[in-house]
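J.: Take a look at this one; I'll ask things after.
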Amino acid sequence: MSPELEAIRTRVGIRRTASTQLLALRGDDARDALLALCPSRLFLRDAQVKESLLLDEGGRPIADVLVCADDEDYLLMVEGLDAAAVRTHVETQLSARNLSPQVEDVGATHTVMSLHGPWAWQLAASTLGDDMVALPYLNFFRVDAGLCVRAGKTGEFGYELVVKHEAADEVWSSLLEGAAKLEGREVGAEALSLCRFESWFFDPAHVPDGASPLELSMGWRLDFGRDWVGKEALEARRSEGPTRRLSCLLAPSAVEVGAVVTLEGDAVGEVTRAAYSEAREEHVVAALVDASVAHGGVRFAAGEVPLLCVAPPLIDNHSLYVDPRRHTWDARDEITLGPLARGPRALEPV
Amino acid sequence: MTQELDAHLAARREALERVRRMLVEQLKVSLPPEQIDLDAPLFGTGLGLDSIDAVELVVAIENEFELTLAEEEAQPWMFRTVHAVVDLVLDPPPGARAPAETPEEAS
């Protein structure tokens, strides 16, 4: 495996990113604005975090969102749109609903750093304090430098640090130093994107044309009991039931995005993403496939390449076996870890 | 569609329906069964089950599908999504399925 992938999957990878937009909703209209913009069930107590989306009017996901409840305010960590596009979307949609919360660009004063890997919790603790070990999934702690949000996107322990600009260089230096002690390293967007794909987390950079959360197995992020941007379009789709479903397939060799997926010679779908997984030593493929046949164990093909439909995630994450209350990096040999690849393997070419 | 594929899909659909019903009736997932996505995560995010539910999930699977899941064979990834549970109940680890009764025992 490449050093970056190995860091994320077996130790810790860190990244200082400018691609996450930070937006705070404050004031009397903050909650109504949040509910209009984000379709998930959002009953949050202070310091709780929830995964949601931004949808366009057609119900297509345009961004992945972590909603952080900060007392009476909400911090939105948005991935998939640049700062100007987020602002335009929010202002347009809230104005159409006569909502006028204070919208603050937190990205103007804070930066985001992220930690990923089975030992990310130990790096968070050594950098920000031992309390981080007790931080539950989808919650945040307030720290001197800003916030520490626990929300992984690779199947491993994951933390997003929202750090004040004036403290950012010092925190980043500490992270680099701490990561080196854990044999970790700085990682790039490409490595994180692949890990996200292998673990079948939603990636707003890879939304197939015409797909809604219903085709993407994200119906659980939609609360149809209230109104939100895109609901009308999705209600019609929901009553009919999605005709296609994004399916996880394994291939023994490369396939092209856009390739037709066939089943017993009949066209049943289209490849929407494909990448070589170094952890599995085979190709991972996403395809929108007729929902009636999109089930595990079904053998599709793309041209001459056989495709096997499987249940994601495709990685037996080491983070599932590392317990912050019992383990330490120095005593890591006490943990018995199996291979990263799990489940069936790609079919051999016929 | 070949008979083999037809039978495979029928078995998958039936198992999926039973897993969905089990999640609603026994794990109290607050969604109509047909809205539980095949690849929805079960824990933390997704359907929102927690560590206490994990024990109940194993018991529910054992009861619903007449399986015995030994602790050393029940790997965490087997319970990550609805789809993974469907895989598990259709192709359980060796030893999880009770041996078929002999005609004498059945009578």
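In the structure tokens, chains take the letters A, B, ... in the order shown, each chain's residues start at 1, and ligands count up from 1 in the order shown.
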What are the closest atom pairs, with distances in Å to one decimal, for each residue of chain A lying within 10 Å of chain B, using only C-alpha atoms, rows by chain and rising residue number, as a tab-separated table?
T.:
residue	atom	partner	partner_atom	distance
A:Lys50	CA	B:Thr45	CA	7.9
A:Glu51	CA	B:Thr45	CA	7.5
A:Pro136	CA	B:Gly44	CA	9.7
A:Tyr137	CA	B:Gly44	CA	7.1
A:Leu138	CA	B:Gly44	CA	7.8
A:Ala151	CA	B:Thr45	CA	9.7
A:Trp200	CA	B:Asp39	CA	8.7
A:Phe201	CA	B:Pro41	CA	9.6
A:Leu214	CA	B:Asp37	CA	8.2
A:Glu215	CA	B:Asp37	CA	9.2
A:Leu216	CA	B:Asp39	CA	8.5
A:Ser217	CA	B:Asp37	CA	5.1
A:Met218	CA	B:Ala40	CA	6.7
A:Gly219	CA	B:Asp37	CA	6.5
A:Trp220	CA	B:Gly46	CA	5.9
A:Arg221	CA	B:Gly46	CA	7.5
A:Arg238	CA	B:Gln35	CA	8.9
A:Gly241	CA	B:Gln35	CA	9.1
A:Arg245	CA	B:Leu38	CA	9.3
A:Leu246	CA	B:Asp39	CA	9.2
A:Ser247	CA	B:Asp39	CA	8.6
A:Cys248	CA	B:Asp39	CA	9.3
A:Leu263	CA	B:Met1	CA	8.7
A:Glu264	CA	B:Met1	CA	7.2
A:Gly265	CA	B:Met1	CA	9.9
A:Asp266	CA	B:Met1	CA	9.6
A:Ser292	CA	B:Leu9	CA	8.4
A:Val293	CA	B:Leu9	CA	6.9
A:Ala294	CA	B:Leu9	CA	8.9
A:His295	CA	B:Arg12	CA	6.9
A:Gly296	CA	B:Asp87	CA	7.4
A:Gly297	CA	B:His8	CA	8.1
A:Val298	CA	B:Leu5	CA	7.6
A:Arg299	CA	B:Leu5	CA	9.0
A:Val310	CA	B:His83	CA	8.5
A:Ala311	CA	B:His83	CA	5.4
A:Pro312	CA	B:Asp39	CA	7.2
A:Pro313	CA	B:Arg80	CA	7.6
A:Leu314	CA	B:Trp77	CA	8.9
A:Ile315	CA	B:Trp77	CA	8.2
A:Asp316	CA	B:Trp77	CA	6.2
A:Asn317	CA	B:Trp77	CA	8.3
A:Leu320	CA	B:Pro76	CA	7.0
A:Tyr321	CA	B:Pro76	CA	8.8
A:Arg342	CA	B:Trp77	CA	8.2
A:Gly343	CA	B:Trp77	CA	9.1
J.: When DSSP is applied to the backbone of this structure, which of region 4-89 of chain B are assigned alpha helix (DSSP H)? Write them out as a VMD selection string.
T.: chain B and resid 4 to 25 51 to 65 82 to 89
J.: Compile the contact shell of Glu270 (chain A) as number ranges by chain: residues with an atom at most 9 Å away, counting only C-alpha atoms, same-chain residues fewer than 4 positions apart removed.
T.: A: 257-262, 286-289, 302
J.: Just checking: using only C-alpha atoms, which residue out of B:Leu42, B:Leu88, B:Met22, B:Ala15 ends up closest to Asn63 (chain B)?
T.: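 Comparing B:Leu42, B:Leu88, B:Met22, B:Ala15 against Asn63 (chain B), the winner is B:Met22.
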J.: Which of these, A:Glu177, A:Asp290, A:Glu4, A:Glu79, has the shortest distance to Val268 (chain A) once you count only C-alpha atoms?
T.: A:Asp290
J.: With only C-alpha atoms as the counted atoms, please give the residues lying no more than 9 Å from region 69-74 of chain B, apart from itself and same-chain residues fewer than 3 positions off, as a PyMOL selection string.
T.: chain B and resi 58-59+61-62+77-79+92-97
J.: How would the residues just chosen look if you wrote them out with all heavy atoms as a JSON list (two decimals), in the first residue's frame?
T.:
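Wrote selection.json, looks like this:
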[["chain", "number", "residue", "atom", "x", "y", "z"],
["B", 58, "VAL", "N", -27.94, -9.21, 17.84],
["B", 58, "VAL", "CA", -27.44, -10.59, 17.72],
["B", 58, "VAL", "C", -28.52, -11.58, 18.18],
["B", 58, "VAL", "O", -28.81, -12.57, 17.50],
["B", 58, "VAL", "CB", -26.13, -10.78, 18.54],
["B", 58, "VAL", "CG1", -25.73, -12.24, 18.56],
["B", 58, "VAL", "CG2", -25.02, -9.93, 17.94],
["B", 59, "VAL", "N", -29.16, -11.27, 19.31],
["B", 59, "VAL", "CA", -30.22, -12.15, 19.83],
["B", 59, "VAL", "C", -31.37, -12.23, 18.82],
["B", 59, "VAL", "O", -31.89, -13.31, 18.53],
["B", 59, "VAL", "CB", -30.72, -11.64, 21.20],
["B", 59, "VAL", "CG1", -31.94, -12.43, 21.66],
["B", 59, "VAL", "CG2", -29.61, -11.73, 22.23],
["B", 61, "ILE", "N", -31.29, -11.74, 15.58],
["B", 61, "ILE", "CA", -30.89, -12.51, 14.40],
["B", 61, "ILE", "C", -30.92, -14.01, 14.73],
["B", 61, "ILE", "O", -31.42, -14.83, 13.96],
["B", 61, "ILE", "CB", -29.47, -12.10, 13.93],
["B", 61, "ILE", "CG1", -29.49, -10.69, 13.36],
["B", 61, "ILE", "CG2", -28.94, -13.08, 12.87],
["B", 61, "ILE", "CD1", -28.10, -10.10, 13.10],
["B", 62, "GLU", "N", -30.40, -14.35, 15.89],
["B", 62, "GLU", "CA", -30.37, -15.77, 16.28],
["B", 62, "GLU", "C", -31.79, -16.34, 16.35],
["B", 62, "GLU", "O", -32.05, -17.44, 15.87],
["B", 62, "GLU", "CB", -29.66, -15.93, 17.63],
["B", 62, "GLU", "CG", -28.15, -15.69, 17.53],
["B", 62, "GLU", "CD", -27.41, -15.96, 18.83],
["B", 62, "GLU", "OE1", -28.00, -15.74, 19.91],
["B", 62, "GLU", "OE2", -26.25, -16.37, 18.76],
["B", 77, "TRP", "N", -17.76, -6.49, 11.25],
["B", 77, "TRP", "CA", -18.22, -6.08, 9.92],
["B", 77, "TRP", "C", -19.49, -6.82, 9.49],
["B", 77, "TRP", "O", -20.20, -6.38, 8.58],
["B", 77, "TRP", "CB", -17.12, -6.24, 8.88],
["B", 77, "TRP", "CG", -16.46, -7.59, 8.81],
["B", 77, "TRP", "CD1", -15.28, -7.94, 9.38],
["B", 77, "TRP", "CD2", -16.93, -8.76, 8.12],
["B", 77, "TRP", "NE1", -14.98, -9.25, 9.10],
["B", 77, "TRP", "CE2", -15.97, -9.78, 8.33],
["B", 77, "TRP", "CE3", -18.05, -9.04, 7.34],
["B", 77, "TRP", "CZ2", -16.11, -11.06, 7.79],
["B", 77, "TRP", "CZ3", -18.19, -10.31, 6.80],
["B", 77, "TRP", "CH2", -17.23, -11.30, 7.04],
["B", 78, "MET", "N", -19.81, -7.92, 10.14],
["B", 78, "MET", "CA", -21.02, -8.67, 9.78],
["B", 78, "MET", "C", -22.29, -7.90, 10.13],
["B", 78, "MET", "O", -23.38, -8.26, 9.69],
["B", 78, "MET", "CB", -21.04, -10.01, 10.50],
["B", 78, "MET", "CG", -19.96, -10.96, 10.09],
["B", 78, "MET", "SD", -20.00, -12.43, 11.13],
["B", 78, "MET", "CE", -18.68, -13.39, 10.38],
["B", 79, "PHE", "N", -22.15, -6.86, 10.97],
["B", 79, "PHE", "CA", -23.33, -6.13, 11.45],
["B", 79, "PHE", "C", -23.27, -4.66, 11.06],
["B", 79, "PHE", "O", -23.97, -3.84, 11.63],
["B", 79, "PHE", "CB", -23.41, -6.25, 12.99],
["B", 79, "PHE", "CG", -23.34, -7.67, 13.47],
["B", 79, "PHE", "CD1", -22.14, -8.22, 13.90],
["B", 79, "PHE", "CD2", -24.47, -8.47, 13.46],
["B", 79, "PHE", "CE1", -22.07, -9.54, 14.32],
["B", 79, "PHE", "CE2", -24.41, -9.79, 13.88],
["B", 79, "PHE", "CZ", -23.21, -10.33, 14.31],
["B", 92, "PRO", "N", -24.22, -18.03, 6.93],
["B", 92, "PRO", "CA", -23.67, -17.84, 8.27],
["B", 92, "PRO", "C", -22.32, -18.54, 8.44],
["B", 92, "PRO", "O", -21.99, -19.42, 7.65],
["B", 92, "PRO", "CB", -24.72, -18.47, 9.19],
["B", 92, "PRO", "CG", -25.48, -19.41, 8.33],
["B", 92, "PRO", "CD", -25.39, -18.91, 6.92],
["B", 93, "PRO", "N", -21.57, -18.14, 9.47],
["B", 93, "PRO", "CA", -20.28, -18.80, 9.70],
["B", 93, "PRO", "C", -20.48, -20.29, 9.98],
["B", 93, "PRO", "O", -21.57, -20.67, 10.44],
["B", 93, "PRO", "CB", -19.73, -18.11, 10.95],
["B", 93, "PRO", "CG", -20.60, -16.94, 11.20],
["B", 93, "PRO", "CD", -21.86, -17.13, 10.48],
["B", 94, "PRO", "N", -19.46, -21.10, 9.73],
["B", 94, "PRO", "CA", -19.60, -22.53, 9.99],
["B", 94, "PRO", "C", -19.98, -22.75, 11.46],
["B", 94, "PRO", "O", -19.47, -22.09, 12.34],
["B", 94, "PRO", "CB", -18.19, -23.07, 9.73],
["B", 94, "PRO", "CG", -17.44, -22.00, 9.05],
["B", 94, "PRO", "CD", -18.12, -20.71, 9.31],
["B", 95, "GLY", "N", -20.93, -23.64, 11.67],
["B", 95, "GLY", "CA", -21.32, -23.95, 13.05],
["B", 95, "GLY", "C", -22.46, -23.10, 13.57],
["B", 95, "GLY", "O", -23.03, -23.38, 14.62],
["B", 96, "ALA", "N", -22.81, -22.03, 12.84],
["B", 96, "ALA", "CA", -23.89, -21.17, 13.33],
["B", 96, "ALA", "C", -25.27, -21.78, 13.10],
["B", 96, "ALA", "O", -26.22, -21.51, 13.83],
["B", 96, "ALA", "CB", -23.83, -19.81, 12.63],
["B", 97, "ARG", "N", -25.36, -22.57, 12.04],
["B", 97, "ARG", "CA", -26.66, -23.17, 11.70],
["B", 97, "ARG", "C", -26.82, -24.46, 12.49],
["B", 97, "ARG", "O", -25.92, -25.31, 12.49],
["B", 97, "ARG", "CB", -26.70, -23.45, 10.20],
["B", 97, "ARG", "CG", -27.96, -24.02, 9.68],
["B", 97, "ARG", "CD", -28.92, -23.01, 9.10],
["B", 97, "ARG", "NE", -28.37, -22.27, 7.95],
["B", 97, "ARG", "CZ", -28.87, -21.12, 7.54],
["B", 97, "ARG", "NH1", -29.87, -20.57, 8.20],
["B", 97, "ARG", "NH2", -28.36, -20.49, 6.51]]
J.: What's around Phe197 (chain A) at 9 Å? Count only C-alpha atoms, leave out sequence neighbours fewer than 5 positions away in its own chain, and write the answer as a list in words.
T.: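 In the requested form, the answer reads Thr154, Leu192, Phe202, Asp203, Ala275, Val284, Ala286 and Pro313 of chain A.
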J.: Could you check the closest approach to Leu23 (chain B) for each of B:Leu57, B:Phe43, B:Ala11, B:Gln3 and tell me which residue wins, using only C-alpha atoms?
T.: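 Smallest distance to Leu23 (chain B) is found for B:Leu57.
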